[in-house]
Amino acid sequence: MGAVKNFLFVMLIGCFSVTAWADKIGQVVFDQIGSYKFPEDMLRFNVQSKPGDEFVPKIIDEDVKRLTGTGFFADVVAESKQNAGTVDVTFKLTAKPVVKEIVFDGNKKFPTSDLEKEITLNAEQPLNDKNLRESANKLRNFYREKGYNEATIYPVIKNAGQDTVNVTFKIDEHLRLKVNNVTFSNNTVFSSWDLKWSIATRHSFLSRFFEIGLYDPKELDLDKLRLREKYWGKGYLDFKVEDIKVTPNADDPEYVDVHFTLFEGKPYTVNNVTVKGNKKLSESELAKCIRLVKDTVYDKEKENQTKDAIESEYAIYGYADFTCKVNRYPDFQTHRVDVEFELTEGIPYTVHDVNIKGNRVTKDKVLRRELVIQPGDPVDKNRIEASKSRLMGMGYFKEVKATTSSAEEYAQKDVNFAVEEKDNYELKVGGGFSDTDSLVGMVSLTNNNFDITEPSKYFQGGGQRLRIAGMFGLTTYGGNIDFTEPWLFDIPLKLDLSGYWNNVSYKYWDEQRIGGRTALTKKFFDDFTSISLGYKFEQVNVHNMDSDASQQLKDERGRYWVSSPSLEIARDTRDSLEDPTTGYLLSSLASVTPKVLGSSNNYYRLEGKASYYMNFLDKALIWHNGGKIGTVSSFNRNEQVPLYDRYFLGGGDTIRGFPYRRISPVDDNGWNVGGQTMLLLTSEVTHPIWRFIRGAVFVDAGSAWKNSYSMGFNQFNMGAGYGLRMKLPMINAPIKLDLAYPIVMNQENCPRRLQFHFNMGFTW
């Protein structure tokens, strides 16, 4: 009987437990204490407990923590009230005092409006400790980025009455420290001058006007790594920066002197170079990748080249998870180092699918035809990167991201390209000023992703290019329309069509051209070499001739027809069309203008052009060498080609140091009448000055001669000088300023004086 009673008691307790466990939440009420009331939706968003849910004390505790974590409440308490089968939950919330006003005290260098943009604390809302800390940190970072590394910011909270407070950010800006002298001790391998240009901490005379040459303690840590890389390139593996002393300048407290104490050690020689973990490729197959040579001085750059070459070799076979770790084992006694390349191969992958997303306007085929990786190919990171570069180079996208992801099948991956499209139509209104075109205004409408077959999509998404432009200036006016189809008939055959009407006023006459051009261009051998077949048909009007012109020039007046097919072969390996730093361009052009095709005269043109770019010190210095040679000749060598197709040199685009179009043969009046043979040579080295400003040292040489296939170096001209290259980011303005002097002059009737060449343009 006792056992039965015990059993019934246990069962009764269990029933009560189940009943308690099964209680549901009835109401969730927010009791807000204080003058400021938060929207109830915001409060409910921060709690997990909902009416109808099971009542779980642990979840209620978590809700309290989440509400407290918002930072808006001084106190959060949860109370529960048992009803018949339900539990009502009340959260009692005591809001922090409301921020009545936010004040900045001590800011002299920057206006309050700039500082307000940096903070996340808001007036007319309860004080939030998290936002307060975050705002103070953002202000500190703001000052630090502007070069005020010693600035201090701390918030002060004062009672403003009736549950309100005022927050004041106390700011002590201190001096904006600039770098004066940078010196080194114990350096024997590199000169102090060389080391200065290897680091970011250095003096600049522009520091008084721009944010350059500022002292930044964080940059000093990076400078240690930069110096180490430089010394490791010469084999000094024991190199270290022993000490950095920063001393305020006695004459000007706004400047500091920075001194690096170095320990160079001795250079290491490469002992053994081994590869470990290779299964797919044998040591003999990887030997071609090894750039480090035994018994030569260790070179970090060659080590990196070896690593990159090995990774590229494995990438060809689709080893997407491949890693290459470099282990160095230096012997401090003998100063020899063993270098081991430790490989982790993983497995080879093939491409299951290539996915493209983000192209809302651009047709899928327009993107896929640019890819160099397809389903079934090895997952080659080189091909993926090349495809990404080609997509970005199309000019349609703000950003292109390339990733790989696992596919359902074993040893396969999907390659994914995510693109972010730009606005296709671009209207530009602007102007420019140069020693060539004087003052000129311009308006243009451009679409680099045009589609002539899609009016329903506002003629967008087909990968074609359209540009309509007009200009009007003191010496030139006109307009043109250009259309390009890069994949004619869906094959890699580019079609260019252009129509134009323009008038240019030269010194003694005007030339008006009305006509059109077309060309078909096909790449062959590789992506760098192309052949182009073109045709031009235009009417040229030589008019408004100066009344004092010689009879030779006056005979050139009139309207002429030009019907000219051409052939051009080019090879272009430059890394950029706008700002090349490496690579070369080679091109040759042949054109003929015969009467049989409707031309007014019989003549032909042959030209060749070459440009070569190289860089030094991680692209700090860029050296460009270039040349152009050309001749134009009548079918009858005794006749002169028309005035409008002769060569004129001089000016900012050809030979600097000479006025525009002032290098050419002259007539009896001493007026330039153009030549039939031309040679132009140039060499230029640019170097950084500050951000978007670079300096340039240059030499130009060449001349234009009267007869075809005829040159005389006794008529050679040469100019040299220095200039600035600027790209103003706020107005997208390329600016080119050059000061040059004719150091060799063999041109008749040309002034020998310093010439200023300028080319400035901007658009909105």
# chains A, B, ... in the order shown; residues from 1 in each chain; ligands from 1
>>> residues_around(residues="Asn128 (chain A)", least_positions_apart="3", cutoff="6 Å", atoms="only C-alpha atoms", output="MDAnalysis selection string")
chainID A and resid 71:72 131
>>> write_last_selection(atoms="C-alpha atoms", output="compact mmCIF listing (two decimals), in the first residue's frame")
# COMPACT_ATOMS: atom_id res chain seq x y z
CA GLY A 71 23.34 50.40 -24.74
CA PHE A 72 20.23 52.58 -24.40
CA ASN A 131 28.10 54.67 -29.66
>>> select_by_dssp(residues="region 296-461 of chain A", states="strand (DSSP E or B)", output="MDAnalysis selection string")
chainID A and resid 297 323:331 336:344 350:357 378 397:406 412:421 425:434 438:450 460
>>> residues_around(residues="region 316-321 of chain A", least_positions_apart="6", cutoff="6 Å", atoms="only C-alpha atoms", output="list in words")
Gly346, Ile347, Pro348, Tyr349, Pro378, Val379 and Asp380 of chain A
>>> write_last_selection(atoms="N, CA and C atoms", output="short mmCIF file (atom, residue, chain, number, x, y, z; two decimals), in the first residue's frame")
data_model
loop_
_atom_site.label_atom_id
_atom_site.label_comp_id
_atom_site.auth_asym_id
_atom_site.auth_seq_id
_atom_site.Cartn_x
_atom_site.Cartn_y
_atom_site.Cartn_z
N GLY A 346 47.45 18.61 -52.65
CA GLY A 346 46.00 18.42 -52.71
C GLY A 346 45.66 17.53 -53.90
N ILE A 347 44.48 17.72 -54.49
CA ILE A 347 44.07 16.93 -55.64
C ILE A 347 43.78 17.86 -56.82
N PRO A 348 43.90 17.35 -58.04
CA PRO A 348 43.57 18.19 -59.20
C PRO A 348 42.05 18.31 -59.38
N TYR A 349 41.60 19.51 -59.73
CA TYR A 349 40.18 19.77 -59.96
C TYR A 349 39.95 20.18 -61.41
N PRO A 378 41.01 22.40 -66.48
CA PRO A 378 41.54 22.37 -65.11
C PRO A 378 41.22 23.68 -64.41
N VAL A 379 41.04 23.62 -63.09
CA VAL A 379 40.79 24.84 -62.31
C VAL A 379 42.13 25.57 -62.16
N ASP A 380 42.47 26.33 -63.18
CA ASP A 380 43.75 27.01 -63.28
C ASP A 380 43.58 28.45 -62.80
#
>>> closest_residue(among="A:Gly393, A:Gly479, A:Gly723, A:Pro594", to="Ser444 (chain A)", atoms="only C-alpha atoms")
A:Gly479
>>> residues_around(residues="region 709-719 of chain A", least_positions_apart="2", cutoff="8 Å", atoms="only C-alpha atoms", output="ChimeraX atom specification")
/A:631,655-658,676-677,699-703,705-707,721,740-747
>>> write_last_selection(atoms="C-alpha atoms", output="JSON list (two decimals), in the first residue's frame")
[["chain", "number", "residue", "atom", "x", "y", "z"],
["A", 631, "THR", "CA", 57.22, 58.89, -95.24],
["A", 655, "ILE", "CA", 59.27, 67.62, -80.00],
["A", 656, "ARG", "CA", 59.07, 69.73, -76.86],
["A", 657, "GLY", "CA", 61.17, 72.89, -76.75],
["A", 658, "PHE", "CA", 59.83, 73.97, -80.16],
["A", 676, "GLN", "CA", 57.28, 64.23, -96.66],
["A", 677, "THR", "CA", 59.63, 62.30, -94.34],
["A", 699, "VAL", "CA", 64.46, 64.40, -74.24],
["A", 700, "ASP", "CA", 62.82, 64.63, -77.69],
["A", 701, "ALA", "CA", 64.57, 64.63, -81.05],
["A", 702, "GLY", "CA", 63.72, 64.50, -84.74],
["A", 703, "SER", "CA", 62.79, 66.48, -87.79],
["A", 705, "TRP", "CA", 62.35, 66.66, -94.31],
["A", 706, "LYS", "CA", 61.12, 67.98, -97.66],
["A", 707, "ASN", "CA", 61.46, 64.89, -99.85],
["A", 721, "GLY", "CA", 63.26, 69.60, -70.13],
["A", 740, "ALA", "CA", 61.64, 72.54, -72.40],
["A", 741, "TYR", "CA", 64.58, 74.14, -74.19],
["A", 742, "PRO", "CA", 65.89, 73.43, -77.73],
["A", 743, "ILE", "CA", 69.40, 72.13, -77.00],
["A", 744, "VAL", "CA", 70.01, 71.31, -80.69],
["A", 745, "MET", "CA", 68.32, 73.53, -83.30],
["A", 746, "ASN", "CA", 68.58, 73.20, -87.06],
["A", 747, "GLN", "CA", 65.15, 74.59, -87.93]]
>>> decode(residues="region 78-139 of chain A", atoms="C-alpha atoms", output="CSV table (one decimal), in the first residue's frame")
chain,number,residue,atom,x,y,z
A,78,ALA,CA,12.0,41.1,-16.4
A,79,GLU,CA,8.9,40.1,-14.3
A,80,SER,CA,6.5,37.2,-14.9
A,81,LYS,CA,2.9,36.8,-13.7
A,82,GLN,CA,1.2,33.4,-13.7
A,83,ASN,CA,-2.3,33.3,-15.2
A,84,ALA,CA,-4.5,30.3,-15.9
A,85,GLY,CA,-2.3,28.3,-18.3
A,86,THR,CA,-0.2,31.3,-19.4
A,87,VAL,CA,2.5,33.6,-18.1
A,88,ASP,CA,2.6,37.3,-18.8
A,89,VAL,CA,6.1,38.8,-19.2
A,90,THR,CA,6.8,42.4,-18.4
A,91,PHE,CA,10.2,44.0,-19.2
A,92,LYS,CA,10.7,47.1,-17.1
A,93,LEU,CA,13.1,49.4,-19.0
A,94,THR,CA,14.8,52.5,-17.5
A,95,ALA,CA,16.2,54.5,-20.4
A,96,LYS,CA,19.4,56.4,-20.0
A,97,PRO,CA,19.2,60.2,-20.1
A,98,VAL,CA,18.5,61.8,-23.5
A,99,VAL,CA,21.4,63.5,-25.3
A,100,LYS,CA,20.3,67.1,-25.5
A,101,GLU,CA,23.4,68.5,-27.3
A,102,ILE,CA,26.7,67.3,-28.8
A,103,VAL,CA,29.5,69.8,-28.6
A,104,PHE,CA,33.1,69.7,-29.9
A,105,ASP,CA,35.5,71.7,-27.8
A,106,GLY,CA,39.1,72.5,-29.0
A,107,ASN,CA,38.9,71.7,-32.7
A,108,LYS,CA,40.8,74.4,-34.5
A,109,LYS,CA,42.1,72.6,-37.6
A,110,PHE,CA,38.8,71.1,-38.7
A,111,PRO,CA,35.3,72.5,-38.6
A,112,THR,CA,32.5,71.0,-36.5
A,113,SER,CA,30.7,69.9,-39.7
A,114,ASP,CA,33.5,67.6,-40.6
A,115,LEU,CA,33.7,66.0,-37.1
A,116,GLU,CA,29.9,65.5,-37.0
A,117,LYS,CA,30.2,63.2,-40.0
A,118,GLU,CA,32.5,60.9,-38.0
A,119,ILE,CA,30.4,60.2,-35.0
A,120,THR,CA,27.6,57.7,-34.5
A,121,LEU,CA,26.1,59.3,-31.4
A,122,ASN,CA,22.9,61.1,-32.0
A,123,ALA,CA,21.2,64.0,-30.2
A,124,GLU,CA,17.6,63.7,-29.1
A,125,GLN,CA,18.2,60.0,-28.3
A,126,PRO,CA,19.2,58.3,-25.1
A,127,LEU,CA,22.9,58.2,-24.4
A,128,ASN,CA,24.4,55.0,-25.8
A,129,ASP,CA,27.7,54.0,-24.2
A,130,LYS,CA,28.7,51.8,-27.2
A,131,ASN,CA,28.1,54.7,-29.7
A,132,LEU,CA,29.9,57.1,-27.3
A,133,ARG,CA,33.1,54.9,-27.3
A,134,GLU,CA,32.8,54.3,-31.0
A,135,SER,CA,32.4,58.0,-31.8
A,136,ALA,CA,35.5,58.9,-29.7
A,137,ASN,CA,37.6,56.2,-31.5
A,138,LYS,CA,36.4,57.4,-34.9
A,139,LEU,CA,37.4,61.0,-34.0
